[in-house]
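Reproduced below: protein_0.txt, with compact mmCIF, C-alpha atoms.
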```
# COMPACT_ATOMS: atom_id res chain seq x y z
CA MET A 299 91.02 77.63 99.35
CA ASP A 300 94.04 78.35 97.17
CA VAL A 301 94.12 82.06 96.48
CA SER A 302 95.71 84.19 93.75
CA VAL A 303 95.94 87.93 94.38
CA VAL A 304 96.26 89.88 91.11
CA ILE A 305 97.69 93.41 91.12
CA ILE A 306 98.21 95.59 88.04
CA ASP A 307 101.08 98.10 87.86
CA TRP A 308 101.58 100.92 85.40
CA HIS A 309 104.68 103.02 86.15
CA GLN A 310 103.97 103.24 89.90
CA PRO A 311 106.56 101.05 91.62
CA GLU A 312 106.33 102.77 95.01
CA LEU A 313 102.56 102.37 95.29
CA THR A 314 102.65 98.88 93.81
CA ARG A 315 105.26 97.62 96.27
CA ARG A 316 103.16 98.99 99.11
CA ALA A 317 100.11 97.06 97.86
CA VAL A 318 102.07 93.83 97.35
CA GLU A 319 103.65 94.00 100.80
CA SER A 320 100.24 94.52 102.41
CA VAL A 321 99.18 91.18 100.90
CA LEU A 322 102.38 89.30 101.70
CA SER A 323 102.05 90.31 105.37
CA GLN A 324 98.59 88.75 105.70
CA ARG A 325 98.12 85.73 107.95
CA VAL A 326 95.61 83.46 106.29
CA ASP A 327 94.69 79.78 106.45
CA ALA A 328 95.17 79.28 102.70
CA SER A 329 97.88 78.98 100.11
CA VAL A 330 98.33 82.46 98.62
CA GLU A 331 100.19 83.52 95.49
CA VAL A 332 100.62 87.11 94.36
CA VAL A 333 100.60 87.83 90.64
CA LEU A 334 101.90 91.23 89.56
CA VAL A 335 101.19 92.33 85.99
CA VAL A 336 103.49 95.13 84.83
CA ASN A 337 101.95 97.16 82.01
CA GLU A 338 104.38 98.78 79.56
CA ALA A 339 107.09 96.76 81.21
CA ASP A 340 110.78 97.36 80.55
CA ASP A 341 113.58 94.97 81.44
CA ALA A 342 114.93 97.08 84.29
CA THR A 343 111.55 97.42 86.03
CA VAL A 344 110.79 93.72 85.73
CA ALA A 345 114.24 92.79 87.01
CA ALA A 346 113.83 95.11 90.00
CA TYR A 347 110.44 93.64 90.91
CA ARG A 348 111.76 90.09 90.63
CA ALA A 349 114.80 90.92 92.78
CA ASP A 350 112.82 92.77 95.46
CA LEU A 351 109.78 90.48 95.46
CA PRO A 352 111.10 86.95 94.87
CA ASP A 353 107.89 85.29 96.08
CA VAL A 354 105.74 87.18 93.56
CA VAL A 355 104.84 85.98 90.06
CA VAL A 356 105.80 88.93 87.84
CA VAL A 357 104.06 89.06 84.45
CA PRO A 358 105.60 91.59 82.05
CA GLU A 359 103.22 93.14 79.51
CA PRO A 360 105.03 95.16 76.81
CA THR A 361 101.97 97.30 76.03
CA ASN A 362 99.63 99.28 78.26
CA SER A 363 96.74 96.80 78.32
CA GLY A 364 94.81 98.83 80.88
CA PHE A 365 93.21 97.39 83.99
CA ALA A 366 90.98 94.96 82.09
CA GLY A 367 93.76 93.59 79.92
CA GLY A 368 96.09 93.38 82.89
CA VAL A 369 93.56 91.39 84.88
CA VAL A 370 93.09 88.98 81.96
CA ARG A 371 96.85 88.39 81.84
CA GLY A 372 97.13 88.09 85.61
CA ILE A 373 94.33 85.55 85.90
CA ALA A 374 95.83 83.51 83.05
CA ALA A 375 99.14 83.38 84.95
CA SER A 376 97.51 82.47 88.27
CA SER A 377 96.45 79.12 89.68
CA GLY A 378 94.18 79.81 92.66
CA GLU A 379 90.64 78.56 93.06
CA VAL A 380 89.83 82.11 94.20
CA VAL A 381 91.09 85.23 92.42
CA VAL A 382 91.44 88.35 94.55
CA LEU A 383 91.75 91.70 92.78
CA LEU A 384 93.51 94.55 94.54
CA ASN A 385 94.30 97.99 93.12
CA ASN A 386 97.97 98.89 93.16
CA ASP A 387 97.10 102.18 94.90
CA ALA A 388 95.39 100.37 97.80
CA VAL A 389 96.63 98.74 100.99
CA ALA A 390 94.95 95.65 102.40
CA ASP A 391 94.11 95.86 106.10
CA HIS A 392 95.11 93.04 108.44
CA GLY A 393 92.61 90.22 108.07
CA PHE A 394 91.49 91.37 104.61
CA LEU A 395 92.04 87.99 102.95
CA ASP A 396 90.68 85.87 105.80
CA ARG A 397 87.51 87.93 106.16
CA GLY A 398 86.72 88.11 102.46
CA LEU A 399 87.37 84.41 101.95
CA ALA A 400 85.12 83.58 104.91
CA VAL A 401 82.17 85.43 103.34
CA LEU A 402 82.81 83.75 99.99
CA ALA A 403 82.97 80.29 101.60
CA ALA A 404 79.87 80.88 103.74
CA GLY A 405 77.85 81.85 100.66
CA GLY A 406 78.38 78.53 98.95
CA PRO A 407 78.94 77.88 95.24
CA ARG A 408 76.20 80.25 94.01
CA VAL A 409 78.05 83.24 95.48
CA ALA A 410 80.56 83.94 92.73
CA ALA A 411 81.99 87.23 94.01
CA VAL A 412 82.42 89.21 97.21
CA ALA A 413 82.97 92.96 97.31
CA ALA A 414 85.34 94.27 99.94
CA THR A 415 84.95 97.52 101.89
CA VAL A 416 87.16 100.27 100.46
CA VAL A 417 87.87 103.37 102.53
CA LEU A 418 89.65 106.50 101.35
CA GLU A 419 93.16 107.18 102.55
CA GLY A 420 93.44 110.28 104.72
CA ARG A 421 90.88 112.53 106.38
CA PHE A 422 88.22 114.71 104.80
CA ALA A 423 86.07 117.64 105.89
CA PRO A 424 82.89 118.99 104.30
CA VAL A 425 83.44 122.10 102.18
CA PRO A 426 81.52 125.08 103.61
CA ALA A 427 78.71 126.41 101.46
CA GLY A 428 79.90 129.27 99.29
CA ASP A 429 83.54 128.17 99.19
CA PRO A 430 85.01 128.18 95.66
CA ARG A 431 85.02 124.80 93.98
CA SER A 432 88.30 122.94 93.68
CA ALA A 433 89.22 120.32 91.11
CA ASP A 434 90.29 118.10 94.03
CA ASP A 435 86.88 118.23 95.75
CA LEU A 436 85.00 114.95 96.00
CA VAL A 437 81.24 115.19 95.46
CA ALA A 438 78.80 112.94 97.30
CA PRO A 439 75.47 111.74 95.81
CA ASP A 440 73.66 114.36 97.93
CA GLY A 441 75.79 117.14 96.37
CA ARG A 442 77.90 117.70 99.47
CA ARG A 443 81.57 118.39 98.69
CA TRP A 444 84.44 116.97 100.70
CA ARG A 445 88.05 118.11 100.77
CA ARG A 446 91.20 116.62 102.30
CA ALA A 447 91.98 118.01 105.76
CA GLU A 448 94.39 117.48 108.63
CA VAL A 449 91.43 116.99 110.95
CA GLY A 450 88.34 115.35 109.55
CA GLN A 451 86.48 112.12 108.96
CA THR A 452 87.30 108.81 107.34
CA LEU A 453 85.12 108.31 104.27
CA VAL A 454 84.01 105.17 102.49
CA ASN A 455 85.10 104.79 98.87
CA GLY A 456 82.69 101.94 98.23
CA THR A 457 81.13 98.69 99.40
CA GLY A 458 80.54 97.27 95.95
CA VAL A 459 78.80 98.60 92.87
CA VAL A 460 75.21 99.66 92.22
CA LEU A 461 73.66 99.73 88.74
CA ASP A 462 70.75 102.06 87.98
CA ARG A 463 68.16 101.94 85.21
CA SER A 464 70.13 104.40 83.11
CA GLY A 465 73.02 101.98 82.90
CA ASN A 466 75.17 104.00 85.29
CA GLY A 467 77.39 102.11 87.68
CA ARG A 468 78.47 103.77 90.92
CA ASP A 469 80.20 102.86 94.14
CA ARG A 470 77.72 102.04 96.88
CA ASP A 471 78.29 104.15 100.02
CA TRP A 472 80.49 106.62 98.09
CA LEU A 473 81.72 109.32 100.53
CA ARG A 474 79.69 108.00 103.45
CA PRO A 475 81.41 108.82 106.76
CA LEU A 476 82.67 105.51 108.07
CA ASP A 477 80.73 105.77 111.34
CA ASP A 478 77.38 106.48 109.62
CA GLY A 479 74.85 103.79 108.79
CA PRO A 480 75.45 101.99 105.47
CA GLU A 481 73.46 102.66 102.32
CA ALA A 482 70.42 100.39 101.88
CA THR A 483 70.58 100.13 98.07
CA PRO A 484 70.87 96.45 97.03
CA LEU A 485 74.33 95.43 95.85
CA PHE A 486 74.62 94.58 92.15
CA GLY A 487 78.33 94.03 91.59
CA PHE A 488 81.86 94.39 92.90
CA SER A 489 84.59 96.92 92.33
CA GLY A 490 87.69 95.55 90.65
CA GLY A 491 89.76 97.53 93.12
CA ALA A 492 89.10 95.02 95.91
CA ALA A 493 87.12 91.85 95.28
CA PHE A 494 87.09 88.07 95.74
CA LEU A 495 86.06 85.96 92.72
CA ARG A 496 85.54 82.23 92.32
CA ARG A 497 87.53 81.10 89.29
CA GLU A 498 84.99 78.55 88.01
CA PRO A 499 82.02 80.95 87.62
CA LEU A 500 84.39 83.62 86.28
CA ASP A 501 85.58 81.23 83.57
CA GLU A 502 82.01 80.13 82.90
CA VAL A 503 80.89 83.66 81.97
CA GLY A 504 83.99 84.42 79.91
CA GLY A 505 86.08 86.44 82.35
CA PHE A 506 87.05 90.07 81.87
CA ASP A 507 86.72 91.78 78.50
CA PRO A 508 90.11 93.31 77.61
CA SER A 509 88.51 95.62 75.02
CA LEU A 510 87.08 97.71 77.87
CA PHE A 511 90.61 98.76 78.94
CA MET A 512 89.45 100.43 82.18
CA TYR A 513 86.17 101.44 83.83
CA TYR A 514 82.99 99.35 83.81
CA GLU A 515 84.98 96.14 83.22
CA ASP A 516 84.06 94.95 86.73
CA LEU A 517 80.39 95.84 86.27
CA ASP A 518 80.40 93.91 82.99
CA VAL A 519 81.62 90.75 84.72
CA ALA A 520 79.20 91.19 87.62
CA TRP A 521 76.28 91.64 85.19
CA ARG A 522 77.20 88.43 83.35
CA LEU A 523 77.49 86.58 86.66
CA ARG A 524 74.01 87.81 87.58
CA LEU A 525 72.65 86.67 84.22
CA ALA A 526 74.16 83.23 84.87
CA GLY A 527 72.29 83.01 88.17
CA TYR A 528 75.15 83.79 90.54
CA GLU A 529 75.14 86.18 93.49
CA VAL A 530 77.48 88.95 94.61
CA ARG A 531 77.84 89.69 98.32
CA HIS A 532 79.70 92.16 100.53
CA ALA A 533 82.31 91.50 103.21
CA PRO A 534 82.01 94.48 105.60
CA ASP A 535 85.15 93.62 107.57
CA ALA A 536 87.43 92.89 104.59
CA VAL A 537 88.89 96.39 104.34
CA VAL A 538 91.37 98.10 102.05
CA VAL A 539 92.55 101.70 102.19
CA HIS A 540 92.57 103.37 98.78
CA ARG A 541 94.54 106.38 97.63
CA HIS A 542 91.75 107.71 95.44
CA ALA A 543 92.65 108.71 91.86
CA ALA A 544 96.34 107.94 92.33
CA SER A 545 96.37 105.90 89.14
CA SER A 546 94.15 107.79 86.69
CA GLY A 547 92.70 110.96 88.22
CA SER A 548 89.10 111.26 89.37
CA ASP A 549 87.48 113.40 86.68
CA SER A 550 89.91 113.66 83.80
CA PRO A 551 88.78 113.75 80.15
CA LEU A 552 90.04 110.17 79.84
CA VAL A 553 87.90 109.02 82.76
CA ARG A 554 84.79 110.71 81.36
CA SER A 555 85.20 109.50 77.78
CA GLN A 556 86.20 105.97 78.76
CA SER A 557 83.28 105.72 81.17
CA MET A 558 80.81 106.94 78.54
CA ARG A 559 82.12 104.48 75.95
CA ASN A 560 82.24 101.51 78.28
CA ARG A 561 78.85 102.15 79.85
CA LEU A 562 77.38 101.92 76.36
CA ALA A 563 79.44 98.82 75.52
CA VAL A 564 78.46 96.99 78.71
CA VAL A 565 74.77 97.83 78.36
CA LEU A 566 74.70 96.73 74.72
CA ARG A 567 76.22 93.40 75.71
CA ASN A 568 74.17 92.60 78.80
CA ALA A 569 70.87 94.50 78.85
CA SER A 570 67.47 93.71 77.41
CA ALA A 571 66.53 95.45 74.16
CA GLY A 572 64.32 97.99 75.94
CA PHE A 573 66.96 98.82 78.52
CA ALA A 574 69.66 99.18 75.86
CA LEU A 575 67.47 101.41 73.68
CA ARG A 576 66.78 103.70 76.65
CA VAL A 577 70.50 104.07 77.36
CA VAL A 578 71.32 104.73 73.69
CA VAL A 579 68.64 107.45 73.53
CA ARG A 580 69.92 109.06 76.74
CA THR A 581 73.47 108.97 75.40
CA ALA A 582 72.35 110.65 72.19
CA GLY A 583 70.57 113.29 74.26
CA ARG A 584 73.76 113.91 76.22
CA LEU A 585 75.62 114.36 72.95
CA VAL A 586 73.16 117.00 71.77
CA ARG A 587 73.27 118.87 75.09
CA ASP A 588 77.06 118.85 75.12
CA LEU A 589 77.25 120.26 71.61
CA LEU A 590 74.67 122.97 72.39
CA ARG A 591 76.13 123.88 75.80
CA PRO A 592 79.90 123.36 75.62
CA SER A 593 80.50 125.25 78.89
CA SER A 594 78.80 122.45 80.85
CA ALA A 595 79.69 119.58 78.51
CA GLN A 596 80.63 116.20 79.89
CA LEU A 597 82.70 115.37 76.79
CA THR A 598 84.44 117.57 74.26
CA PRO A 599 83.35 117.52 70.59
CA ALA A 600 86.55 115.60 69.78
CA ALA A 601 85.74 112.96 72.40
CA TRP A 602 82.18 112.61 71.07
CA TRP A 603 83.50 112.29 67.52
CA ARG A 604 85.87 109.55 68.64
CA LEU A 605 83.02 107.73 70.39
CA CYS A 606 80.83 107.98 67.29
CA ARG A 607 83.64 106.55 65.16
CA GLU A 608 84.08 103.64 67.59
CA ALA A 609 80.37 102.97 68.03
CA PRO A 610 79.94 100.54 65.08
CA ALA A 611 82.83 98.38 66.32
CA VAL A 612 81.48 98.51 69.89
CA LEU A 613 78.08 97.37 68.63
CA ARG A 614 79.55 94.50 66.58
CA HIS A 615 81.59 93.31 69.56
CA ALA A 616 78.53 93.46 71.82
CA ARG A 617 76.40 91.50 69.36
CA ARG A 618 79.01 88.75 69.01
CA ALA A 619 79.42 88.57 72.78
CA ARG A 620 75.66 88.40 73.37
CA ARG A 621 75.35 85.46 70.99
CA GLY A 622 78.19 83.72 72.80
CA ASP A 623 76.64 84.38 76.21
CA GLY A 624 73.44 82.65 75.12
CA VAL A 625 71.17 84.45 77.61
CA GLY A 626 67.49 84.88 76.82
CA ALA A 627 65.48 88.09 76.98
CA ALA A 628 63.42 86.90 79.96
CA VAL A 629 66.56 86.36 82.06
CA ARG A 630 67.89 89.81 81.16
CA ARG A 631 64.62 91.44 82.19
CA ARG A 632 64.51 89.49 85.43
CA VAL A 633 67.98 90.73 86.44
CA GLU A 634 67.01 94.31 85.53
CA ALA A 635 63.90 94.09 87.71
CA SER A 636 66.15 94.16 90.78
CA LEU A 637 67.88 97.42 89.87
CA GLU A 638 67.47 100.60 91.84
CA SER A 639 64.95 102.95 90.23
CA THR A 640 67.10 106.08 90.29
CA ALA A 641 67.27 107.54 86.77
```

What is this structure when it is put down as structure tokens?
Amino acid sequence: MDVSVVIIDWHQPELTRRAVESVLSQRVDASVEVVLVVNEADDATVAAYRADLPDVVVVPEPTNSGFAGGVVRGIAASSGEVVVLLNNDAVADHGFLDRGLAVLAAGGPRVAAVAATVVLEGRFAPVPAGDPRSADDLVAPDGRRWRRAEVGQTLVNGTGVVLDRSGNGRDRDWLRPLDDGPEATPLFGFSGGAAFLRREPLDEVGGFDPSLFMYYEDLDVAWRLRLAGYEVRHAPDAVVVHRHAASSGSDSPLVRSQSMRNRLAVVLRNASAGFALRVVVRTAGRLVRDLLRPSSAQLTPAAWWRLCREAPAVLRHARRARRGDGVGAAVRRRVEASLESTA
């Protein structure tokens, strides 16, 4: 297979070079090109990348097009039969490309995407009960908090993406100690931070939506692949090490507001009417709770006001996209029937 690895940079040359070099050092039985999209590019940065990385296709983007827009530009500039996405704040382990491509090839043409295994850089220890909370703590699905430590465990960042019936996407195996048994929840999609995608199915479903900017753009593509009858699988041994939140923070106001907006946008585009109505009602309920209890609010009043202003345009875009996708209600309900039941 001819392979194109797409990496998006935004003012992080040190991390980005590290990611690129981890790909260039791979030994793989395939022709591999690396495409580096530089968001908010200036002439000096682009010249430096081209001088230091002569074998890399550097795509300058004068604006900050986000992850989604950067991926669209990177894929357009690439030529591989398989597109591999890698976060610029991640490092591909030896054998990453070979192992992911092997799972993709073994699955046959109906497997459109393969999620890699992403582990967190560094070591972590559980936070003792009663310790004060820290903004840097990572919180597992069971409520356990983890904190960076000199001596501790290696934790999993994710093994793909799970979608629940509330429209929430999450990383499968989030904060699972690497030596523990994997989560049993069925895989729904891939994380754009480390994934292998067949170009033909990706083109068939319309590729990435640049209007999503960042967050949920990978789930959106995975959902459309599912609606088109394709499968997403996991490559356990295709590993990358991720410096979590190095690019955008883990729980910033931007992350929360962008996730809320894009969850709604992706559900409105891909879900059945009943599913979409349930998510809209829950979102409205969250709005009311946040306004009544600002001390525990997920979004600020200003962020909610911005979301409400954008909602009509989000709805119009979703309706146009749905008509273009041409997927019937029965197919949407069939895909939703496989979702985990967690509310």

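CA of Ala388 (chain A) sits 14.3 Å away from CA of Phe365 (chain A).
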
Would you mind listing what lies within 12 Å of Ala317 (chain A) as JSON, numbers by chain, with all atoms listed in the file counted and same-chain residues fewer than 4 positions away left out? {"A": [303, 304, 305, 306, 307, 310, 311, 312, 313, 321, 322, 323, 324, 332, 333, 334, 351, 383, 384, 385, 386, 387, 388, 389, 390, 391, 491, 492, 538, 539, 540, 541]}

Residues within 8 Å of (85.2, 118.4, 102.3), file coordinates, counting all atoms listed in the file: what are they? Give the list as a PDB file with C-alpha atoms, keeping the file's coordinate frame.
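result36.pdb written:
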```
ATOM      1  CA  PHE A 422      88.220 114.710 104.800  1.00  0.00           C
ATOM      2  CA  ALA A 423      86.070 117.640 105.890  1.00  0.00           C
ATOM      3  CA  PRO A 424      82.890 118.990 104.300  1.00  0.00           C
ATOM      4  CA  VAL A 425      83.440 122.100 102.180  1.00  0.00           C
ATOM      5  CA  PRO A 426      81.520 125.080 103.610  1.00  0.00           C
ATOM      6  CA  ASP A 435      86.880 118.230  95.750  1.00  0.00           C
ATOM      7  CA  LEU A 436      85.000 114.950  96.000  1.00  0.00           C
ATOM      8  CA  ARG A 442      77.900 117.700  99.470  1.00  0.00           C
ATOM      9  CA  ARG A 443      81.570 118.390  98.690  1.00  0.00           C
ATOM     10  CA  TRP A 444      84.440 116.970 100.700  1.00  0.00           C
ATOM     11  CA  ARG A 445      88.050 118.110 100.770  1.00  0.00           C
ATOM     12  CA  ARG A 446      91.200 116.620 102.300  1.00  0.00           C
ATOM     13  CA  ALA A 447      91.980 118.010 105.760  1.00  0.00           C
TER      14      ALA A 447
END
```

Hey, can you check how far CA of Pro407 (chain A) sits from CA of Ala374 (chain A)? 21.6 Å

Considering all atoms listed in the file, can you say which of A:His392, A:Arg408, A:Arg620, A:Arg371 comes closest to Val564 (chain A)?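 Answer, going by the shortest atom-to-atom distance: A:Arg620.
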
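Counting all atoms listed in the file and comparing A:Ala569, A:Val417, A:Val344, A:Val409, the residue that lies closest to Leu523 (chain A) is A:Val409.
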
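Every protein or nucleic acid residue with an atom no more than 12 Å from Asp462 (chain A), counting only C-alpha atoms and leaving out same-chain residues fewer than 4 positions away, appears here: A:Asn466, A:Gly467, A:Arg468, A:Asp469, A:Arg470, A:Thr483, A:Pro484, A:Leu485, A:Phe486, A:Gly487, A:Leu517, A:Arg561, A:Val565, A:Ala569, A:Phe573, A:Val577, A:Val633, A:Glu634, A:Ala635, A:Ser636, A:Leu637, A:Glu638, A:Ser639, A:Thr640, A:Ala641.
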
Test item: write region 556-567 of chain A with all heavy atoms as a compact mmCIF listing (two decimals), in the first residue's frame:
```txt
# COMPACT_ATOMS: atom_id res chain seq x y z
N GLN A 556 -16.22 23.98 22.40
CA GLN A 556 -16.10 23.38 21.08
C GLN A 556 -16.67 21.97 21.07
O GLN A 556 -17.31 21.55 20.10
CB GLN A 556 -14.62 23.37 20.66
CG GLN A 556 -14.37 23.03 19.21
CD GLN A 556 -14.82 24.11 18.25
OE1 GLN A 556 -15.01 25.26 18.64
NE2 GLN A 556 -14.99 23.75 17.00
N SER A 557 -16.46 21.24 22.15
CA SER A 557 -17.01 19.89 22.24
C SER A 557 -18.54 19.91 22.28
O SER A 557 -19.20 19.09 21.64
CB SER A 557 -16.46 19.17 23.47
OG SER A 557 -15.06 18.99 23.37
N MET A 558 -19.10 20.84 23.05
CA MET A 558 -20.56 20.95 23.13
C MET A 558 -21.15 21.28 21.76
O MET A 558 -22.13 20.67 21.32
CB MET A 558 -20.96 22.01 24.15
CG MET A 558 -22.45 22.12 24.40
SD MET A 558 -23.13 20.73 25.35
CE MET A 558 -22.51 21.15 27.00
N ARG A 559 -20.56 22.27 21.09
CA ARG A 559 -21.05 22.67 19.77
C ARG A 559 -20.96 21.53 18.77
O ARG A 559 -21.91 21.22 18.04
CB ARG A 559 -20.23 23.86 19.26
CG ARG A 559 -20.61 24.30 17.85
CD ARG A 559 -19.51 25.15 17.23
NE ARG A 559 -19.87 25.62 15.92
CZ ARG A 559 -19.71 24.92 14.80
NH1 ARG A 559 -19.21 23.68 14.86
NH2 ARG A 559 -20.07 25.43 13.63
N ASN A 560 -19.79 20.88 18.73
CA ASN A 560 -19.57 19.87 17.70
C ASN A 560 -20.32 18.57 17.98
O ASN A 560 -20.71 17.87 17.05
CB ASN A 560 -18.08 19.61 17.53
CG ASN A 560 -17.38 20.74 16.81
OD1 ASN A 560 -18.03 21.68 16.33
ND2 ASN A 560 -16.07 20.68 16.71
N ARG A 561 -20.52 18.25 19.24
CA ARG A 561 -21.36 17.08 19.53
C ARG A 561 -22.74 17.28 18.93
O ARG A 561 -23.30 16.39 18.28
CB ARG A 561 -21.47 16.87 21.04
CG ARG A 561 -22.31 15.64 21.41
CD ARG A 561 -22.57 15.54 22.89
NE ARG A 561 -23.39 16.61 23.38
CZ ARG A 561 -24.25 16.51 24.40
NH1 ARG A 561 -24.37 15.35 25.03
NH2 ARG A 561 -24.95 17.52 24.80
N LEU A 562 -23.30 18.47 19.14
CA LEU A 562 -24.62 18.78 18.59
C LEU A 562 -24.59 18.74 17.06
O LEU A 562 -25.49 18.15 16.43
CB LEU A 562 -25.05 20.16 19.09
CG LEU A 562 -26.51 20.57 18.83
CD1 LEU A 562 -27.47 19.60 19.48
CD2 LEU A 562 -26.74 21.99 19.33
N ALA A 563 -23.56 19.34 16.46
CA ALA A 563 -23.46 19.38 15.00
C ALA A 563 -23.36 17.97 14.41
O ALA A 563 -24.03 17.66 13.41
CB ALA A 563 -22.25 20.21 14.58
N VAL A 564 -22.56 17.11 15.02
CA VAL A 564 -22.35 15.76 14.50
C VAL A 564 -23.62 14.92 14.66
O VAL A 564 -23.99 14.16 13.76
CB VAL A 564 -21.14 15.12 15.20
CG1 VAL A 564 -21.05 13.62 14.88
CG2 VAL A 564 -19.86 15.82 14.78
N VAL A 565 -24.29 15.06 15.79
CA VAL A 565 -25.53 14.31 16.00
C VAL A 565 -26.60 14.76 15.01
O VAL A 565 -27.31 13.93 14.41
CB VAL A 565 -26.01 14.48 17.46
CG1 VAL A 565 -27.46 14.02 17.61
CG2 VAL A 565 -25.10 13.70 18.40
N LEU A 566 -26.74 16.07 14.82
CA LEU A 566 -27.75 16.57 13.89
C LEU A 566 -27.50 16.08 12.47
O LEU A 566 -28.45 15.85 11.71
CB LEU A 566 -27.79 18.10 13.91
CG LEU A 566 -28.36 18.73 15.18
CD1 LEU A 566 -28.18 20.24 15.15
CD2 LEU A 566 -29.84 18.38 15.35
N ARG A 567 -26.24 15.89 12.11
CA ARG A 567 -25.94 15.41 10.77
C ARG A 567 -26.19 13.91 10.62
O ARG A 567 -26.68 13.46 9.58
CB ARG A 567 -24.49 15.71 10.40
CG ARG A 567 -24.09 15.10 9.06
CD ARG A 567 -22.78 15.54 8.53
NE ARG A 567 -22.56 15.01 7.18
CZ ARG A 567 -21.56 15.36 6.40
NH1 ARG A 567 -20.67 16.25 6.82
NH2 ARG A 567 -21.44 14.84 5.18
```
